[in-house]
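> Supplied in structure tokens, the structure appears directly below.
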Amino acid sequence: MIKYLLIFSALLFNLTSNAQGFGGSNSSIDPVQWSAQVETNEADTYTLVLKAQIEPEWHVYSQFTDPDGSLPLELEYLKADETYTLEGPTIESETETVYSDIFEVDETFFSNAMSLTQKIKVSDESINFIKLILKYQVCKEVCINEERYVIFDIKKGNGKVLTDFNAFQSFGEIQEKVEEKVAEIEPAAAVVKQEKKQDLWTIFFLAFASGFLALLTPCVFPMIPMTVSFFTKQSKNLVVGRRNAILYGIFIVVIYVLLGTIVTGVFGADALNALSTNVWFNIIFFILLVVFAISFFGAFEIMLPNSWANAVDRKADRGGIIGIFFMALALAIVSFSCTGPIVGTLLVQAAAEGGLAPILGMLGFSLAIAIPFALFALFPGLMNSLPKSGGWLNSVKVVLGFLELALAFKFLSNADLVLQAHLLEREVFLAIWIAIFGALALYLFGKIKTSHDTPVDHISSGRMVLGVFVLAFTIYLIPGLWGAPLKLISGFPPPMNYSESPFGVGYMQGGSGGITSELPKEAEYGPYQLITFTDYDAGMAIAKAENKPVLLDFTGKACVNCRKMEERVWGEPQILGKLQNDVVLISLFVDLKEELPEAEQYVSETTGKRVLTVGNKWSDFQIKNYKINAQPYYVLLDTAENKLNEPVGYTPDVAEFEAWLAEGISKF
């Protein structure tokens, strides 16, 4: 009888202690510190290791202690025998055994330190994590019943010991449910892959065109006949001369591709992509491109140190394949004053795309320069058809300077859009472009000259045709000052609603002829004066009240493809009607820099990064719910927040986007 009274008193004391904060995961006493790791034995076989440091005078009871005494340690391996099997029992480190006067049995326990090892064999190769629930009793003057949750990462060889059961349940959920999520993840991945493929091809062809323009500059063009003649005359025979000239072209490609590889390696495959909406990134490149433009106008030359060129020239004199390589390097250095600004601009654009874009951009650029050298080496007679060097080469540089200047203001516009500073609104941007392209047209017609231009009595037919096209483009831009959509350049100027007259010239909100309806909370006028919600919960509340489906639009203030979709696709009558009447539009901008209130800031469960801004919040929301971080990205939802069809990304085909929109609305 006394024995059972003592047991009851001990249990009652434990319960009281737990209620006062001595037990469970919130305990202020934590006398056992756990760590976990995984050892790889052979194929599909692993050893799970749990170790603990126990504070002095405390002890943890073994799994083999007498169950009539204190509570034995318990190990529950989740999903054992389903995706993996236990190879033998869990082995314990050294223990002590002492007779208990209270329970009148021998009790086995650990003191100071302990370890548990368990061999497993994995039958499913897709398994990354093994989960274990650990229950034990640790005692000193009082006893505490504890529960820990252990996650072994068998692929990385480490583990985590958690006190939070909810975190334990959710950890690795995506990895463990890959098979269930394939249907959802694959379409999103396909969208990103398709968009990246289109972007890379665009980068390649723009780079090739840039290389062709660089070829027509005074630093490169005269080198073609000189170099090909050199190889042909200095070689033992025509075949060797052609081979050397072709090698020369190949080395030009290698040198420029190596430059793209270095950019990718230094900054990381996608690091600069994340910077594309960074304010300072855009301002720095605005200044850089303005400097390039002024250089092309003839104010100064951007040159590498002469010592570099001299050192490379000495290497080129060695002859053989190594000498040819250094001749190609010498061309790159000597022609830098012309090619440097073009290469710099190209790398800026390519780096903003991220991934392999810098490498592919340099490949396209260098091919355009290298191909003529190889072509004229194979067919020397073609050199007779080349135009003579002259003032027209400087004209090419000046034209490139105007284009550099126009592109520079796109970067400045990105910074302004992200800051929402309204310093470079649509009308101001278009006025600047009209001035730039208008000045270019006057230059092509011979009305403006630079200090390096050669005096001419007349202009060529080619220059006249180009001048007419530039003048026509300039005239095309002018109606944009009064609200014309300008679909040919959609994505480049700020959107139409980022304007001094967002409702059109002569219209003021609430004024005569204007829009008088009061906007709902958390809403604003978007493209074509569509009412768009900038907060997810506010938009969903309206959708439920009006019983309409939701078009969820993940977008960005500086997203070029988003603007192209809005200006080229959304404005079509068959699309615009549906957006106005059949859906509630929620536009979530992932690049807004507005800081969240401190109480709403948090650490992302998906990325582990702190979410500080409104843009961070919507970016994290997209990644968490749709496993993708690309814009534009469109999702049709019902009022219960279920997808009505598969989401889509950049879809410039109007009929395709209309069919997708109609399908989702019809399913609502």
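Chains: A, B, ... in order of the structure tokens. Residues: from 1 per chain. Ligands: from 1, in order shown.
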For region 411-417 of chain A, find every residue with an atom within 8 Å (counting only C-alpha atoms), except residues of its own chain fewer than 2 positions away, and show them as a PyMOL selection string.
chain A and resi 277-280+282-283+285-286+407-409+419-424+429+493-494+557-558
> Between A:Trp660, A:Tyr634, A:Phe205, A:Phe296, single out the one closest to Asp453 (chain A), counting only C-alpha atoms.
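Nearest to Asp453 (chain A): A:Phe296.
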> Do a neighbour search on Gly608 (chain A) at 12 Å with only C-alpha atoms, toss out local chain neighbours closer than 6 positions, and write the hits as a PyMOL selection string.
chain A and resi 602+620+624
